[in-house]
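Beneath this line is the structure, given in structure tokens, with notes to follow.
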Amino acid sequence: MLQLLDFLYRQRIFLLFLLLEGISFWLIISYNYRYNTYFLNSSNRITGEISETFGNIQDFLNLQRANKELAEENLILRSALANQARESRREIETADSALFTLALANVVNASHRKAQNFLTLRLDPSDSIRPGMGVISSKGVVGTVKSVSKHFATVVSLLHPRLLVSGRVERNDALATVQWNGQNPLEAELKYVPRHLELNTGDRVVTSGFDSTYPAGVLIGVVSVSELKRENPFYTARIRLATDFTSVKTVYVIKVKGKTEKKNLEEEVFNE
Amino acid sequence: MNRKLIIRLVLYFLLLVVIQIPLLHNWVLYDVAFPFPYIGFVLLLPHTLQRSWSLVIAFFLGLLIDVFSNTPGLHASVSVFVAFVRVPWLEITTDSSIDELDLTIPHLGLTKHTAFILPLIFIHHFLLFTLENEGLKWFGMLLSKVIGSTLFSYFLIWLVTLIVIPSGRRK
């Protein structure tokens, strides 16, 4: 017994080393597979405040560009509004339009050059944002909320290999999955487009709406590379992402009304 | 621990760690060099400090960087490893008969200083990018990132030691 204690005492540094490494790897693994472990990431109150301060300085330097982008967005919205006024009489209002509400949020911190990228948002506490909600910008899909504190939220960026977005090729309604491959922050892979359909460079890929995170029809990107290899059942394709992750500043968090209801119903059916 | 040493450690902390935090995502050269100069703080801890303490310091330092980059555990695990191999490596690369105020270029000489610091930075960056990448896929890109970042970090740490040492040498 004494010998054992003596041995442990002599090896105490190595044991401490193993303990600390153990804790670290537990953190790595649990963060990747669990939602809302928010005490150790940038949606934490203190780190959020600090990031916001630095973000504010950058915002100020980027004001001109932000102004320009807002003006462009205004233009798009105005033209859409005009179109809608013209068409509304002909169209029956779909259930979709009432399903989604948007909440505006500012990006206070973002990465785009790492192997796994995240964004931190400053929230209005009254918006009641929850993990799992989708995030879009004026240009396209941004990501999914991972964890939320009172004033901040951490968002898994589309530039994260574990985030899969259900997409649809606009021209022929082919369903596909968009996943980032960890290399170029401007491009992502477009998977599972079956080979009997046509896929050309320049085709627009939008969200399908099937994952009930994003409304249907939000632009994800435009096909930039499309190859059909002899042995593959699917196209090998890449899309150029619509959202510019190097400069995204203002985003919208999407709240879907019947999400849990839909999910419960689907689970009920699939479990039978 | 005397006052001079404490001042030096505070300066290292300010120049290597605090500066790292706001600029973490923004310092990139040619898309391959991502500097992590904070590891210099672990490397330059006085080697007379108890090893268990340096492990604990490295762990919390890594965790601090992790919190700001949304990678809990990543930097912590890697910097603990570097802290663990630091003292044996120091004894291999330099004479074991060094006094307390030592890990500086004037004391060790540039060659020994580099032989001590550079391989450890390389190991740190290699493990860091490999873990972040979840394996050795895209090895060419990974390696270019590791080498570019190692040189960048080494340059920054070398610069900081140049700034800090004069204040430490004043008798």
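Residue names in the structure tokens use chain letters A, B, ... in the order shown, residue numbers from 1 in each chain, and ligand numbers from 1 in the order shown.
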Original post:
Once you count only C-alpha atoms, which residues of chain B turn out to be within 7 Å of chain A? Could you give them as a list in words?
Top reply: Pro22, His25, Arg51, Ser52, Leu55, Phe59, Val67, Phe68, Asn70, Pro72, Gly73, Leu74, Ala76, Ser77, Phe84, Glu132 and Asn133 of chain B
Store the residues of this selection in a file with N, CA, C and O atoms, as an mmCIF file, in the first residue's frame.
data_model
loop_
_atom_site.group_PDB
_atom_site.id
_atom_site.type_symbol
_atom_site.label_atom_id
_atom_site.label_comp_id
_atom_site.auth_asym_id
_atom_site.auth_seq_id
_atom_site.Cartn_x
_atom_site.Cartn_y
_atom_site.Cartn_z
ATOM 1 N N PRO B 22 -8.347 39.630 -29.075
ATOM 2 C CA PRO B 22 -9.155 40.351 -30.062
ATOM 3 C C PRO B 22 -8.743 40.071 -31.497
ATOM 4 O O PRO B 22 -9.553 40.200 -32.408
ATOM 5 N N HIS B 25 -9.052 35.940 -34.799
ATOM 6 C CA HIS B 25 -9.596 35.491 -36.076
ATOM 7 C C HIS B 25 -9.078 36.330 -37.231
ATOM 8 O O HIS B 25 -9.354 36.036 -38.371
ATOM 9 N N ARG B 51 6.507 21.836 -11.855
ATOM 10 C CA ARG B 51 5.913 21.371 -13.118
ATOM 11 C C ARG B 51 4.400 21.257 -13.031
ATOM 12 O O ARG B 51 3.697 21.541 -13.995
ATOM 13 N N SER B 52 3.907 20.851 -11.857
ATOM 14 C CA SER B 52 2.455 20.716 -11.751
ATOM 15 C C SER B 52 1.780 22.074 -11.921
ATOM 16 O O SER B 52 0.735 22.190 -12.561
ATOM 17 N N LEU B 55 1.629 22.998 -15.564
ATOM 18 C CA LEU B 55 0.554 22.270 -16.247
ATOM 19 C C LEU B 55 -0.797 22.951 -16.026
ATOM 20 O O LEU B 55 -1.573 23.153 -16.961
ATOM 21 N N PHE B 59 -3.209 24.768 -18.753
ATOM 22 C CA PHE B 59 -4.585 24.319 -18.961
ATOM 23 C C PHE B 59 -5.547 25.500 -18.976
ATOM 24 O O PHE B 59 -6.357 25.656 -19.899
ATOM 25 N N VAL B 67 -12.374 29.656 -24.987
ATOM 26 C CA VAL B 67 -13.652 30.307 -24.741
ATOM 27 C C VAL B 67 -13.918 31.357 -25.810
ATOM 28 O O VAL B 67 -15.038 31.527 -26.269
ATOM 29 N N PHE B 68 -12.849 32.016 -26.247
ATOM 30 C CA PHE B 68 -13.033 33.075 -27.239
ATOM 31 C C PHE B 68 -13.090 32.557 -28.664
ATOM 32 O O PHE B 68 -13.465 33.281 -29.563
ATOM 33 N N ASN B 70 -14.555 29.462 -29.441
ATOM 34 C CA ASN B 70 -15.586 28.422 -29.554
ATOM 35 C C ASN B 70 -15.016 27.036 -29.801
ATOM 36 O O ASN B 70 -15.553 26.274 -30.589
ATOM 37 N N PRO B 72 -13.957 24.634 -27.056
ATOM 38 C CA PRO B 72 -13.610 24.203 -25.699
ATOM 39 C C PRO B 72 -12.760 22.938 -25.702
ATOM 40 O O PRO B 72 -13.129 21.958 -26.335
ATOM 41 N N GLY B 73 -11.619 22.994 -25.011
ATOM 42 C CA GLY B 73 -10.771 21.822 -24.866
ATOM 43 C C GLY B 73 -9.637 21.736 -25.866
ATOM 44 O O GLY B 73 -8.613 21.141 -25.585
ATOM 45 N N LEU B 74 -9.812 22.371 -27.036
ATOM 46 C CA LEU B 74 -8.813 22.228 -28.101
ATOM 47 C C LEU B 74 -7.463 22.828 -27.700
ATOM 48 O O LEU B 74 -6.453 22.136 -27.607
ATOM 49 N N ALA B 76 -6.678 23.970 -24.797
ATOM 50 C CA ALA B 76 -6.299 23.488 -23.462
ATOM 51 C C ALA B 76 -5.488 22.206 -23.573
ATOM 52 O O ALA B 76 -4.399 22.090 -23.002
ATOM 53 N N SER B 77 -5.997 21.239 -24.364
ATOM 54 C CA SER B 77 -5.297 19.952 -24.446
ATOM 55 C C SER B 77 -3.901 20.125 -25.031
ATOM 56 O O SER B 77 -2.934 19.556 -24.529
ATOM 57 N N PHE B 84 3.872 19.918 -20.603
ATOM 58 C CA PHE B 84 4.379 18.663 -20.052
ATOM 59 C C PHE B 84 5.756 18.302 -20.609
ATOM 60 O O PHE B 84 6.632 17.875 -19.880
ATOM 61 N N GLU B 132 -8.057 20.135 -34.854
ATOM 62 C CA GLU B 132 -9.109 20.987 -35.386
ATOM 63 C C GLU B 132 -9.661 20.399 -36.685
ATOM 64 O O GLU B 132 -10.845 20.429 -36.960
ATOM 65 N N ASN B 133 -8.748 19.821 -37.448
ATOM 66 C CA ASN B 133 -9.058 19.240 -38.747
ATOM 67 C C ASN B 133 -9.678 17.856 -38.611
ATOM 68 O O ASN B 133 -10.151 17.280 -39.580
#
Subject >> Within 12 Å of range 148-156 of chain B using only C-alpha atoms, minus same-chain residues under 4 positions, as a ChimeraX atom specification >> reply: /B:12,15-17,19-20,27-41,43,113-129,141-144,160-163
Go ahead and write the selection's residues with N, CA and C atoms as a short mmCIF file (atom, residue, chain, number, x, y, z; two decimals), in the first residue's frame.
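Written out: result.cif:
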data_model
loop_
_atom_site.label_atom_id
_atom_site.label_comp_id
_atom_site.auth_asym_id
_atom_site.auth_seq_id
_atom_site.Cartn_x
_atom_site.Cartn_y
_atom_site.Cartn_z
N TYR B 12 4.79 39.47 -20.47
CA TYR B 12 4.57 38.36 -21.41
C TYR B 12 3.09 38.11 -21.58
N LEU B 15 1.49 40.90 -23.65
CA LEU B 15 1.91 40.98 -25.05
C LEU B 15 1.61 39.71 -25.84
N LEU B 16 1.62 38.56 -25.15
CA LEU B 16 1.43 37.32 -25.90
C LEU B 16 0.00 36.81 -25.84
N VAL B 17 -0.66 37.01 -24.70
CA VAL B 17 -1.99 36.41 -24.53
C VAL B 17 -3.11 37.42 -24.78
N ILE B 19 -3.16 40.27 -26.30
CA ILE B 19 -3.23 40.74 -27.69
C ILE B 19 -3.82 39.66 -28.60
N GLN B 20 -3.57 38.41 -28.23
CA GLN B 20 -4.07 37.30 -29.03
C GLN B 20 -5.60 37.32 -29.14
N TRP B 27 -5.79 37.75 -37.65
CA TRP B 27 -4.39 37.75 -38.06
C TRP B 27 -4.13 36.56 -38.94
N VAL B 28 -4.17 36.74 -40.21
CA VAL B 28 -3.85 35.62 -41.09
C VAL B 28 -2.99 36.17 -42.22
N LEU B 29 -1.87 35.52 -42.48
CA LEU B 29 -1.01 35.93 -43.59
C LEU B 29 -1.15 34.92 -44.71
N TYR B 30 -1.46 35.36 -45.89
CA TYR B 30 -1.52 34.52 -47.09
C TYR B 30 -2.39 33.27 -46.89
N ASP B 31 -3.38 33.34 -46.03
CA ASP B 31 -4.29 32.22 -45.77
C ASP B 31 -3.63 30.98 -45.18
N VAL B 32 -2.36 31.03 -44.85
CA VAL B 32 -1.75 29.84 -44.24
C VAL B 32 -1.17 30.09 -42.84
N ALA B 33 -0.87 31.33 -42.50
CA ALA B 33 -0.21 31.58 -41.22
C ALA B 33 -1.19 32.14 -40.19
N PHE B 34 -1.60 31.27 -39.26
CA PHE B 34 -2.50 31.67 -38.18
C PHE B 34 -1.68 31.71 -36.89
N PRO B 35 -1.30 32.86 -36.40
CA PRO B 35 -0.38 32.87 -35.27
C PRO B 35 -1.08 32.55 -33.94
N PHE B 36 -0.43 31.76 -33.11
CA PHE B 36 -0.91 31.54 -31.74
C PHE B 36 0.21 31.85 -30.75
N PRO B 37 0.58 33.14 -30.64
CA PRO B 37 1.72 33.48 -29.79
C PRO B 37 1.49 33.19 -28.31
N TYR B 38 0.23 32.92 -27.91
CA TYR B 38 -0.01 32.68 -26.49
C TYR B 38 0.81 31.52 -25.95
N ILE B 39 1.16 30.57 -26.84
CA ILE B 39 1.92 29.41 -26.37
C ILE B 39 3.29 29.85 -25.86
N GLY B 40 3.77 31.00 -26.35
CA GLY B 40 5.03 31.55 -25.85
C GLY B 40 5.00 31.79 -24.35
N PHE B 41 3.84 32.14 -23.83
CA PHE B 41 3.73 32.36 -22.39
C PHE B 41 4.01 31.07 -21.63
N LEU B 43 5.82 28.55 -22.79
CA LEU B 43 7.22 28.19 -23.01
C LEU B 43 8.16 29.02 -22.14
N HIS B 113 18.26 29.15 -27.86
CA HIS B 113 16.90 29.67 -27.66
C HIS B 113 15.97 29.15 -28.75
N THR B 114 16.46 29.23 -30.00
CA THR B 114 15.65 28.75 -31.12
C THR B 114 15.46 27.25 -31.04
N ALA B 115 16.54 26.53 -30.71
CA ALA B 115 16.46 25.06 -30.63
C ALA B 115 15.46 24.65 -29.55
N PHE B 116 15.32 25.46 -28.52
CA PHE B 116 14.36 25.14 -27.46
C PHE B 116 12.94 25.48 -27.90
N ILE B 117 12.74 26.68 -28.45
CA ILE B 117 11.39 27.18 -28.67
C ILE B 117 10.75 26.67 -29.97
N LEU B 118 11.50 26.70 -31.05
CA LEU B 118 10.89 26.45 -32.36
C LEU B 118 10.24 25.06 -32.49
N PRO B 119 10.94 23.96 -32.08
CA PRO B 119 10.30 22.65 -32.20
C PRO B 119 9.03 22.54 -31.36
N LEU B 120 9.02 23.17 -30.20
CA LEU B 120 7.82 23.09 -29.35
C LEU B 120 6.66 23.84 -29.98
N ILE B 121 6.95 25.00 -30.59
CA ILE B 121 5.88 25.72 -31.30
C ILE B 121 5.35 24.85 -32.43
N PHE B 122 6.29 24.19 -33.12
CA PHE B 122 5.87 23.33 -34.23
C PHE B 122 4.95 22.22 -33.74
N ILE B 123 5.36 21.56 -32.65
CA ILE B 123 4.53 20.48 -32.09
C ILE B 123 3.15 21.01 -31.70
N HIS B 124 3.15 22.15 -31.04
CA HIS B 124 1.88 22.76 -30.62
C HIS B 124 0.97 23.01 -31.81
N HIS B 125 1.51 23.64 -32.84
CA HIS B 125 0.68 23.99 -33.99
C HIS B 125 0.24 22.74 -34.75
N PHE B 126 1.16 21.77 -34.83
CA PHE B 126 0.82 20.54 -35.55
C PHE B 126 -0.35 19.84 -34.88
N LEU B 127 -0.26 19.66 -33.55
CA LEU B 127 -1.34 18.99 -32.82
C LEU B 127 -2.63 19.80 -32.93
N LEU B 128 -2.49 21.12 -32.81
CA LEU B 128 -3.66 22.00 -32.83
C LEU B 128 -4.43 21.88 -34.14
N PHE B 129 -3.71 22.01 -35.25
CA PHE B 129 -4.40 21.98 -36.55
C PHE B 129 -4.91 20.57 -36.87
N MET B 141 -2.32 20.87 -47.30
CA MET B 141 -2.80 22.14 -46.78
C MET B 141 -2.52 22.25 -45.29
N LEU B 142 -2.72 21.11 -44.59
CA LEU B 142 -2.48 21.08 -43.15
C LEU B 142 -1.04 21.46 -42.85
N LEU B 143 -0.12 20.82 -43.59
CA LEU B 143 1.30 21.04 -43.32
C LEU B 143 1.71 22.48 -43.63
N SER B 144 1.16 23.02 -44.73
CA SER B 144 1.53 24.40 -45.06
C SER B 144 1.00 25.34 -43.99
N VAL B 160 8.50 39.72 -29.03
CA VAL B 160 8.07 40.07 -27.67
C VAL B 160 9.21 39.90 -26.67
N THR B 161 9.99 38.83 -26.81
CA THR B 161 11.13 38.67 -25.89
C THR B 161 12.13 39.82 -26.07
N LEU B 162 12.29 40.30 -27.29
CA LEU B 162 13.18 41.44 -27.51
C LEU B 162 12.66 42.68 -26.80
N ILE B 163 11.34 42.87 -26.81
CA ILE B 163 10.77 44.05 -26.16
C ILE B 163 10.88 43.94 -24.65
#
Subject >> Backbone DSSP call of alpha helix (DSSP H) for range 29-231 of chain A, listed as a ChimeraX atom specification >> reply: /A:29-33,45-61,63-87,96-99
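Taking only C-alpha atoms, the non-local environment of Leu121 in chain A within 6 Å (same-chain residues fewer than 3 positions away omitted) comprises Asn106, Val107, Val108, Phe152 and Ala153 of chain A.
CA of Val145 in chain A sits 12.2 Å away from CA of Arg122 in chain A.
Omitting Leu164 in chain A and its sequence neighbours fewer than 2 positions away, and counting only C-alpha atoms, the residues within 10 Å are Gly143, Thr144, Leu158, His160, Pro161, Arg162, Ser166, Gly167, Thr177, Val178, Gln179, Trp180 and Asp211 of chain A.
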